[in-house]
Structure formats: structure tokens, C-alpha cells
$ cat final.tsv   # TSV, C-alpha atoms
chain	number	residue	atom	x	y	z
N	1	MET	CA	43.65	12.47	-5.29
N	2	ALA	CA	46.51	13.21	-2.94
N	3	GLN	CA	48.14	16.61	-3.20
N	4	SER	CA	51.40	16.07	-5.07
N	5	LYS	CA	54.70	17.68	-4.25
N	6	THR	CA	56.13	20.32	-6.52
N	7	ILE	CA	59.13	19.45	-8.66
N	8	LYS	CA	61.53	21.85	-10.30
N	9	LEU	CA	61.86	21.18	-14.01
N	10	ARG	CA	64.77	22.43	-16.08
N	11	TYR	CA	65.00	22.44	-19.86
N	12	PHE	CA	68.07	22.76	-22.04
N	13	ALA	CA	68.98	23.44	-25.68
N	14	TRP	CA	66.10	22.97	-28.14
N	15	VAL	CA	63.82	21.54	-25.46
N	16	ARG	CA	64.19	24.88	-23.65
N	17	GLU	CA	63.63	26.84	-26.85
N	18	ARG	CA	60.51	24.89	-27.80
N	19	ILE	CA	58.93	25.21	-24.37
N	20	GLY	CA	59.97	28.85	-24.14
N	21	LYS	CA	61.42	28.72	-20.64
N	22	ALA	CA	64.48	27.37	-18.90
N	23	GLU	CA	62.82	26.18	-15.71
N	24	GLU	CA	59.56	26.02	-13.81
N	25	GLU	CA	57.93	24.45	-10.77
N	26	ILE	CA	55.19	21.94	-11.44
N	27	ALA	CA	52.93	19.68	-9.41
N	28	PRO	CA	52.07	16.70	-11.61
N	29	PRO	CA	49.08	14.50	-10.70
N	30	ALA	CA	49.94	11.91	-8.07
N	31	ASP	CA	49.50	9.03	-10.52
N	32	ILE	CA	52.46	10.18	-12.63
N	33	ALA	CA	55.12	7.78	-11.42
N	34	THR	CA	57.92	7.70	-13.98
N	35	VAL	CA	59.96	10.04	-16.15
N	36	ALA	CA	58.27	8.67	-19.29
N	37	GLU	CA	54.83	9.30	-17.78
N	38	LEU	CA	55.88	12.80	-16.82
N	39	MET	CA	56.96	13.50	-20.41
N	40	ALA	CA	53.64	12.22	-21.72
N	41	TRP	CA	51.78	14.39	-19.21
N	42	LEU	CA	53.88	17.46	-20.08
N	43	ALA	CA	53.20	16.89	-23.78
N	44	GLY	CA	49.53	17.52	-22.99
N	45	GLN	CA	50.17	20.86	-21.29
N	46	GLY	CA	49.96	23.00	-24.42
N	47	GLU	CA	51.26	23.45	-27.93
N	48	GLN	CA	54.82	24.30	-26.95
N	49	TYR	CA	55.08	21.26	-24.69
N	50	ALA	CA	53.58	19.04	-27.36
N	51	TYR	CA	56.23	20.31	-29.79
N	52	ALA	CA	59.09	19.82	-27.31
N	53	PHE	CA	58.03	16.28	-26.44
N	54	GLU	CA	56.72	15.24	-29.86
N	55	ASN	CA	59.42	12.57	-30.10
N	56	PRO	CA	60.04	11.54	-26.48
N	57	LYS	CA	62.46	8.78	-27.54
N	58	VAL	CA	65.15	11.36	-28.35
N	59	ILE	CA	64.74	13.34	-25.12
N	60	ARG	CA	67.17	12.59	-22.32
N	61	ALA	CA	66.39	13.14	-18.66
N	62	ALA	CA	68.21	13.65	-15.40
N	63	ILE	CA	66.89	13.45	-11.85
N	64	ASP	CA	68.82	15.52	-9.34
N	65	ARG	CA	71.70	15.85	-11.80
N	66	ASN	CA	72.04	12.13	-12.60
N	67	HIS	CA	71.16	10.62	-15.99
N	68	VAL	CA	68.06	8.43	-15.81
N	69	ARG	CA	65.98	6.38	-18.23
N	70	GLY	CA	62.28	6.77	-18.92
N	71	GLU	CA	61.30	4.07	-16.47
N	72	ALA	CA	62.99	5.90	-13.57
N	73	ARG	CA	60.56	6.81	-10.78
N	74	ILE	CA	60.11	10.47	-10.01
N	75	GLU	CA	59.07	10.03	-6.40
N	76	GLY	CA	61.35	12.08	-4.16
N	77	ALA	CA	62.89	13.99	-7.07
N	78	GLY	CA	63.81	17.60	-6.36
N	79	GLU	CA	64.87	18.58	-9.86
N	80	ILE	CA	64.17	16.88	-13.17
N	81	ALA	CA	65.86	18.05	-16.36
N	82	PHE	CA	64.93	17.32	-19.97
N	83	PHE	CA	67.33	17.85	-22.86
N	84	PRO	CA	68.40	16.56	-26.27
N	85	PRO	CA	71.31	14.12	-26.73
N	86	MET	CA	74.49	15.83	-25.63
N	87	THR	CA	77.01	17.33	-28.03
N	88	GLY	CA	79.85	18.60	-25.85
N	89	GLY	CA	83.55	17.79	-25.93
V	1	MET	CA	96.53	12.32	-7.07
V	2	SER	CA	95.68	15.75	-8.27
V	3	THR	CA	92.39	16.36	-9.99
V	4	ILE	CA	91.32	19.52	-11.74
V	5	ILE	CA	87.75	19.84	-13.03
V	6	ARG	CA	86.50	23.20	-14.16
V	7	LEU	CA	83.95	24.83	-16.42
V	8	GLN	CA	84.84	28.26	-17.70
V	9	ARG	CA	83.90	30.83	-20.26
V	10	GLU	CA	87.47	31.97	-20.94
V	11	PRO	CA	90.01	30.34	-23.26
V	12	ILE	CA	92.10	27.64	-21.59
V	13	ALA	CA	95.72	28.36	-20.62
V	14	ILE	CA	96.80	24.89	-21.70
V	15	ALA	CA	100.48	24.91	-20.73
V	16	ALA	CA	99.82	26.51	-17.33
V	17	GLU	CA	97.02	24.04	-16.54
V	18	VAL	CA	99.13	21.01	-17.41
V	19	GLU	CA	101.97	22.39	-15.32
V	20	LYS	CA	99.57	22.67	-12.35
V	21	LEU	CA	98.50	19.07	-12.86
V	22	VAL	CA	102.06	17.76	-12.70
V	23	GLY	CA	103.36	20.23	-10.12
V	24	ALA	CA	106.58	19.18	-8.43
V	25	ARG	CA	105.83	15.47	-8.63
V	26	GLN	CA	108.55	13.20	-9.91
V	27	ASP	CA	106.60	9.93	-10.12
V	28	ILE	CA	104.73	11.02	-13.25
V	29	GLY	CA	106.31	9.61	-16.37
V	30	ALA	CA	103.61	10.42	-18.88
V	31	VAL	CA	101.09	13.17	-19.45
V	32	VAL	CA	98.64	12.89	-22.32
V	33	THR	CA	96.76	16.04	-23.25
V	34	PHE	CA	93.86	16.30	-25.63
V	35	THR	CA	92.59	19.67	-26.82
V	36	GLY	CA	89.29	19.96	-28.65
V	37	ILE	CA	89.30	22.98	-30.97
V	38	CYS	CA	86.47	24.78	-32.73
V	39	ARG	CA	86.68	24.10	-36.49
V	40	ALA	CA	85.72	26.68	-39.08
V	41	ASP	CA	83.23	24.27	-40.63
V	42	GLU	CA	80.46	21.96	-39.48
V	43	GLY	CA	79.24	19.27	-41.83
V	44	GLY	CA	81.11	20.87	-44.73
V	45	ALA	CA	79.59	24.35	-44.29
V	46	PRO	CA	81.55	27.32	-42.90
V	47	ILE	CA	80.56	28.53	-39.44
V	48	ALA	CA	81.00	31.86	-37.64
V	49	ALA	CA	81.02	30.48	-34.08
V	50	LEU	CA	79.81	27.81	-31.71
V	51	THR	CA	77.82	28.54	-28.58
V	52	LEU	CA	77.93	25.92	-25.86
V	53	GLU	CA	75.02	25.67	-23.47
V	54	HIS	CA	75.49	23.56	-20.34
V	55	TYR	CA	73.72	22.34	-17.22
V	56	PRO	CA	76.09	23.84	-14.66
V	57	ASP	CA	75.73	21.70	-11.53
V	58	MET	CA	75.24	18.49	-13.40
V	59	ALA	CA	78.12	19.03	-15.83
V	60	GLU	CA	80.66	19.21	-13.03
V	61	ALA	CA	79.13	16.25	-11.20
V	62	GLU	CA	79.00	14.14	-14.34
V	63	ILE	CA	82.60	14.92	-15.27
V	64	ALA	CA	83.67	14.11	-11.70
V	65	ARG	CA	81.92	10.73	-11.91
V	66	HIS	CA	83.83	9.85	-15.08
V	67	VAL	CA	87.12	11.04	-13.65
V	68	GLU	CA	86.53	8.76	-10.66
V	69	GLU	CA	85.78	5.91	-13.04
V	70	ALA	CA	89.04	6.63	-14.89
V	71	TYR	CA	90.96	6.49	-11.59
V	72	ALA	CA	89.31	3.14	-10.84
V	73	ARG	CA	90.24	1.69	-14.24
V	74	TRP	CA	93.81	2.92	-14.71
V	75	PRO	CA	96.74	3.69	-12.41
V	76	LEU	CA	96.47	7.45	-12.86
V	77	LEU	CA	98.42	9.99	-10.87
V	78	GLY	CA	96.37	12.95	-11.99
V	79	ALA	CA	93.48	13.98	-14.23
V	80	LEU	CA	92.29	17.28	-15.59
V	81	VAL	CA	89.13	18.23	-17.45
V	82	ILE	CA	88.42	21.85	-18.34
V	83	HIS	CA	85.40	22.49	-20.54
V	84	ARG	CA	84.38	25.87	-21.91
V	85	TYR	CA	80.88	27.20	-22.35
V	86	GLY	CA	79.48	30.28	-24.08
V	87	ARG	CA	80.51	31.59	-27.49
V	88	ILE	CA	83.62	30.11	-29.07
V	89	VAL	CA	85.02	31.14	-32.45
V	90	PRO	CA	86.94	28.89	-34.88
V	91	GLY	CA	90.51	28.28	-33.78
V	92	GLU	CA	89.73	28.59	-30.07
V	93	ASP	CA	89.88	25.65	-27.70
V	94	ILE	CA	86.69	24.04	-26.38
V	95	VAL	CA	87.93	21.37	-24.02
V	96	LEU	CA	91.17	20.21	-22.43
V	97	VAL	CA	91.62	16.72	-21.03
V	98	ALA	CA	94.94	15.71	-19.48
V	99	THR	CA	95.84	12.49	-17.72
V	100	ALA	CA	99.04	11.70	-15.85
V	101	SER	CA	100.49	8.31	-15.02
V	102	SER	CA	103.83	6.58	-14.50
V	103	HIS	CA	103.64	5.13	-18.00
V	104	ARG	CA	102.04	6.21	-21.23
V	105	GLN	CA	99.53	3.39	-21.80
V	106	ALA	CA	97.30	4.30	-18.88
V	107	ALA	CA	97.49	8.00	-19.70
V	108	PHE	CA	96.54	7.49	-23.36
V	109	ALA	CA	93.67	5.13	-22.57
V	110	ALA	CA	92.24	7.24	-19.76
V	111	ALA	CA	92.34	10.42	-21.87
V	112	GLU	CA	90.46	8.70	-24.67
V	113	PHE	CA	87.95	7.23	-22.23
V	114	LEU	CA	87.28	10.64	-20.69
V	115	MET	CA	86.82	12.30	-24.07
V	116	ASP	CA	84.48	9.59	-25.34
V	117	TYR	CA	82.31	9.99	-22.25
V	118	LEU	CA	82.40	13.78	-22.32
V	119	LYS	CA	81.01	13.70	-25.85
V	120	THR	CA	77.97	11.62	-24.97
V	121	ARG	CA	77.31	12.03	-21.24
V	122	ALA	CA	78.41	15.48	-20.15
V	123	PRO	CA	75.45	17.89	-20.38
V	124	PHE	CA	76.70	20.33	-23.01
V	125	TRP	CA	74.95	21.29	-26.24
V	126	LYS	CA	76.57	22.98	-29.20
V	127	GLN	CA	74.79	25.52	-31.30
V	128	VAL	CA	76.33	26.59	-34.60
V	129	GLU	CA	76.16	30.15	-35.91
V	130	ALA	CA	76.34	30.21	-39.68
V	131	ALA	CA	75.14	32.71	-42.26
V	132	GLY	CA	73.41	34.73	-39.54
V	133	ARG	CA	71.38	31.76	-38.30
V	134	SER	CA	71.71	29.39	-35.34
V	135	ALA	CA	71.19	25.64	-35.36
V	136	TRP	CA	71.72	22.94	-32.76
V	137	VAL	CA	74.38	20.38	-33.57
V	138	GLU	CA	72.95	16.87	-33.81
V	139	ALA	CA	74.48	14.10	-31.74
V	140	LYS	CA	76.52	11.63	-33.79
V	141	SER	CA	75.98	7.90	-33.49
V	142	ALA	CA	79.75	7.45	-33.97
V	143	ASP	CA	80.22	9.25	-30.64
V	144	ASP	CA	77.77	6.89	-28.94
V	145	ALA	CA	79.62	3.92	-30.39
V	146	ALA	CA	82.96	5.34	-29.17
V	147	ALA	CA	81.63	5.68	-25.61
V	148	GLU	CA	79.88	2.32	-25.74
V	149	ARG	CA	83.09	0.34	-26.31
V	150	TRP	CA	84.29	1.29	-22.81
V	151	SER	CA	81.33	-0.44	-21.19
V	152	ALA	CA	82.68	-3.85	-22.23
V	153	PRO	CA	83.93	-5.48	-19.03
V	154	PRO	CA	87.53	-6.51	-19.89
V	155	ARG	CA	89.37	-3.25	-19.58
V	156	ARG	CA	93.03	-3.70	-20.37
V	157	ASP	CA	92.45	-6.01	-23.31
V	158	ALA	CA	93.67	-3.92	-26.22
V	159	ALA	CA	92.38	-6.37	-28.84
V	160	LYS	CA	89.68	-4.89	-31.05

$ encode --input "final.tsv" --output "C-alpha cells"
Amino acid sequence: MAQSKTIKLRYFAWVRERIGKAEEEIAPPADIATVAELMAWLAGQGEQYAYAFENPKVIRAAIDRNHVRGEARIEGAGEIAFFPPMTGG
Amino acid sequence: MSTIIRLQREPIAIAAEVEKLVGARQDIGAVVTFTGICRADEGGAPIAALTLEHYPDMAEAEIARHVEEAYARWPLLGALVIHRYGRIVPGEDIVLVATASSHRQAAFAAAEFLMDYLKTRAPFWKQVEAAGRSAWVEAKSADDAAAERWSAPPRRDAAK
């Protein structure tokens, strides 16, 4: 398997609390192509991740500070963020 | 056009900010300002404070994208969005949106558009402090519906 590039992940609100950190660098396997696949992979990285991503449908994502959907490809991403639906304003 | 976008921890000096937006211009005939204020209750229960978490770089970029969209949709002469983060107690302001135009219709519509999008697209999350405990505020489907109506293509059709 090809060596994959590291990606910076950032977590906000209860996603951050459940995982127990605000950010980290990861190198997912090269066959992880989309945001949805990345969430599924992260959910298998331990209890806290499983808890954070237990209902992936409610989790929103952004690649390089732009909102994206689950089918968005992560190739070339520098920073991917996961967070709950927003409640500002 | 003058545009002011800022995230800050401090309370918002509303009158001074609106004055900056208008400046010495004499082509502005209407300024609509919306101020979001922290209520003393959430879902019927009293609260001690709100804490707003945000995604700093993205929040500014996302607000800027919606301000650009507002300029594209309405003949605006200025737009201002100031959003606070951190701990906010009841009675304090949370957000200020102001839009300036020659006439009121564009200013009203653009202010509402910006607020509807801020609620659902700007990366901020409210946490409520009540009875010594903290809880995340859940997103409301009514807010999604409010933002959704702006995605319909005809834009100046006021018919509902």
C-alpha cells in the first residue's frame, strides 16, 4: 500500500469533547477516498472515536475551511474538520 | 462598498460600528441592523450564560462568502457582520448584522438572508450553562428551513 500523506484533523463542540482533543495529524490508509469513508475509518480508531462518530449522519465536515458533503474526496486536503450542526447567530 | 467582518470576544459597540459602515457616504438611504441578544432562558429553562465556540479561520471565510453572495443578490452599498465568541451572559449581544442600500427593501432582505445563513452555515456552536452544568444547544430545523428558502432561484419574488 502506498504511503499516505498526513492530514490535519480538527474537531469542534461535542465532537471535540467526545474524542478528547481539538486537533491531530493522521495518515489514513490510501484506500480511504471520501469524507464518509474517513469518518467510518475514524470510528474504528477507539472507543472515543466510535462515540464521536456513532451517528455520522449528523456530523458536518469541512475541507480546507469549506463545507463539504460525505461524498467529497479527501485527496489533496490539508485540513479536515468535523463538527455538529452549527448553532451560531 | 464598505464591508466589515469581524469575530471578537468583546461586546459590540453597535452605534459606533454602524456609523463606521455608513461613514461620510450620502448615497445610502437605508441601513438595517439586526442584533442577536443572549436570552435568559433556553427552551423554557433559565440559563446563566452561553459560551460560543468557533472555527476561527473558517468562520471568517464562510461569513465573507455569504456577504459576497448578498452583494451579488441585492444592490448593497455596505455590509457588516460582527460575531462574538467566548462566554456571553443574558442581555449581552451575540451578533450584529447591518446592511446598507439606497432603499430599504434590499437592506431588509439582505440582512435577513445573512442572518439565516449565519445560523446554519457559520461554524459557531453554542453551549448553555445552566444550574452548574453545560450542554450543547441543538440545531433547530426551523433555522435550516429559514436558510433553505434563499436557495430558491427567483430572488426578488416576494411571494411566499

$ interface_residues --input "final.tsv" --of "chain N" --to "chain V" --cutoff "6 Å" --atoms "only C-alpha atoms" --output "list in words"
Arg65, Pro85, Met86, Thr87, Gly88 and Gly89 of chain N

$ residues_around --input "final.tsv" --residues "region 25-33 of chain N" --least-positions-apart "6" --cutoff "6 Å" --atoms "all atoms listed in the file" --output "ChimeraX atom specification"
/N:4-8,73-74

$ closest_residue --input "final.tsv" --among "V:Ala146, V:Ala100, V:Ala107, V:Cys38" --to "Glu19 (chain V)" --atoms "all atoms listed in the file"
V:Ala100

$ atom_distance --input "final.tsv" --atom1 "CA of Ala22 (chain N)" --atom2 "CA of Leu9 (chain N)"
8.3 Å

$ closest_residue --input "final.tsv" --among "V:Asp93, V:Glu10, V:Asp41, V:Glu68" --to "Val128 (chain V)" --atoms "all atoms listed in the file"
V:Asp41

$ atom_distance --input "final.tsv" --atom1 "CA of Lys21 (chain N)" --atom2 "CA of Glu71 (chain N)"
25.0 Å

$ build_atoms --input "final.tsv" --residues "region 117-136 of chain V" --atoms "N, CA and C atoms" --output "PDB file, in the coordinates of the input"
ATOM      1  N   TYR V 117      83.449   9.793 -23.145  1.00  0.00           N
ATOM      2  CA  TYR V 117      82.310   9.990 -22.250  1.00  0.00           C
ATOM      3  C   TYR V 117      81.843  11.440 -22.213  1.00  0.00           C
ATOM      4  N   LEU V 118      82.797  12.365 -22.296  1.00  0.00           N
ATOM      5  CA  LEU V 118      82.400  13.780 -22.320  1.00  0.00           C
ATOM      6  C   LEU V 118      81.458  14.069 -23.480  1.00  0.00           C
ATOM      7  N   LYS V 119      81.787  13.465 -24.628  1.00  0.00           N
ATOM      8  CA  LYS V 119      81.010  13.700 -25.850  1.00  0.00           C
ATOM      9  C   LYS V 119      79.547  13.282 -25.699  1.00  0.00           C
ATOM     10  N   THR V 120      79.313  12.195 -24.978  1.00  0.00           N
ATOM     11  CA  THR V 120      77.970  11.620 -24.970  1.00  0.00           C
ATOM     12  C   THR V 120      77.233  11.753 -23.644  1.00  0.00           C
ATOM     13  N   ARG V 121      77.950  12.040 -22.553  1.00  0.00           N
ATOM     14  CA  ARG V 121      77.310  12.030 -21.240  1.00  0.00           C
ATOM     15  C   ARG V 121      77.373  13.364 -20.494  1.00  0.00           C
ATOM     16  N   ALA V 122      78.323  14.209 -20.861  1.00  0.00           N
ATOM     17  CA  ALA V 122      78.410  15.480 -20.150  1.00  0.00           C
ATOM     18  C   ALA V 122      77.374  16.435 -20.740  1.00  0.00           C
ATOM     19  N   PRO V 123      76.554  17.072 -19.873  1.00  0.00           N
ATOM     20  CA  PRO V 123      75.450  17.890 -20.380  1.00  0.00           C
ATOM     21  C   PRO V 123      75.883  19.237 -20.962  1.00  0.00           C
ATOM     22  N   PHE V 124      76.348  19.151 -22.213  1.00  0.00           N
ATOM     23  CA  PHE V 124      76.700  20.330 -23.010  1.00  0.00           C
ATOM     24  C   PHE V 124      76.003  20.188 -24.350  1.00  0.00           C
ATOM     25  N   TRP V 125      75.601  21.311 -24.926  1.00  0.00           N
ATOM     26  CA  TRP V 125      74.950  21.290 -26.240  1.00  0.00           C
ATOM     27  C   TRP V 125      75.535  22.396 -27.093  1.00  0.00           C
ATOM     28  N   LYS V 126      75.957  22.001 -28.289  1.00  0.00           N
ATOM     29  CA  LYS V 126      76.570  22.980 -29.200  1.00  0.00           C
ATOM     30  C   LYS V 126      75.550  23.533 -30.171  1.00  0.00           C
ATOM     31  N   GLN V 127      75.625  24.851 -30.316  1.00  0.00           N
ATOM     32  CA  GLN V 127      74.790  25.520 -31.300  1.00  0.00           C
ATOM     33  C   GLN V 127      75.746  26.194 -32.285  1.00  0.00           C
ATOM     34  N   VAL V 128      75.465  26.041 -33.566  1.00  0.00           N
ATOM     35  CA  VAL V 128      76.330  26.590 -34.600  1.00  0.00           C
ATOM     36  C   VAL V 128      75.727  27.884 -35.130  1.00  0.00           C
ATOM     37  N   GLU V 129      76.568  28.894 -35.268  1.00  0.00           N
ATOM     38  CA  GLU V 129      76.160  30.150 -35.910  1.00  0.00           C
ATOM     39  C   GLU V 129      76.740  30.136 -37.314  1.00  0.00           C
ATOM     40  N   ALA V 130      75.866  30.191 -38.298  1.00  0.00           N
ATOM     41  CA  ALA V 130      76.340  30.210 -39.680  1.00  0.00           C
ATOM     42  C   ALA V 130      75.392  31.038 -40.517  1.00  0.00           C
ATOM     43  N   ALA V 131      75.935  31.871 -41.361  1.00  0.00           N
ATOM     44  CA  ALA V 131      75.140  32.710 -42.260  1.00  0.00           C
ATOM     45  C   ALA V 131      74.012  33.429 -41.507  1.00  0.00           C
ATOM     46  N   GLY V 132      74.359  33.944 -40.318  1.00  0.00           N
ATOM     47  CA  GLY V 132      73.410  34.730 -39.540  1.00  0.00           C
ATOM     48  C   GLY V 132      72.310  33.922 -38.866  1.00  0.00           C
ATOM     49  N   ARG V 133      72.408  32.582 -38.943  1.00  0.00           N
ATOM     50  CA  ARG V 133      71.380  31.760 -38.300  1.00  0.00           C
ATOM     51  C   ARG V 133      72.022  30.805 -37.292  1.00  0.00           C
ATOM     52  N   SER V 134      71.215  30.332 -36.348  1.00  0.00           N
ATOM     53  CA  SER V 134      71.710  29.390 -35.340  1.00  0.00           C
ATOM     54  C   SER V 134      71.027  28.052 -35.498  1.00  0.00           C
ATOM     55  N   ALA V 135      71.774  26.989 -35.304  1.00  0.00           N
ATOM     56  CA  ALA V 135      71.190  25.640 -35.360  1.00  0.00           C
ATOM     57  C   ALA V 135      71.897  24.754 -34.354  1.00  0.00           C
ATOM     58  N   TRP V 136      71.127  23.873 -33.721  1.00  0.00           N
ATOM     59  CA  TRP V 136      71.720  22.940 -32.760  1.00  0.00           C
ATOM     60  C   TRP V 136      72.441  21.829 -33.502  1.00  0.00           C
TER      61      TRP V 136
END
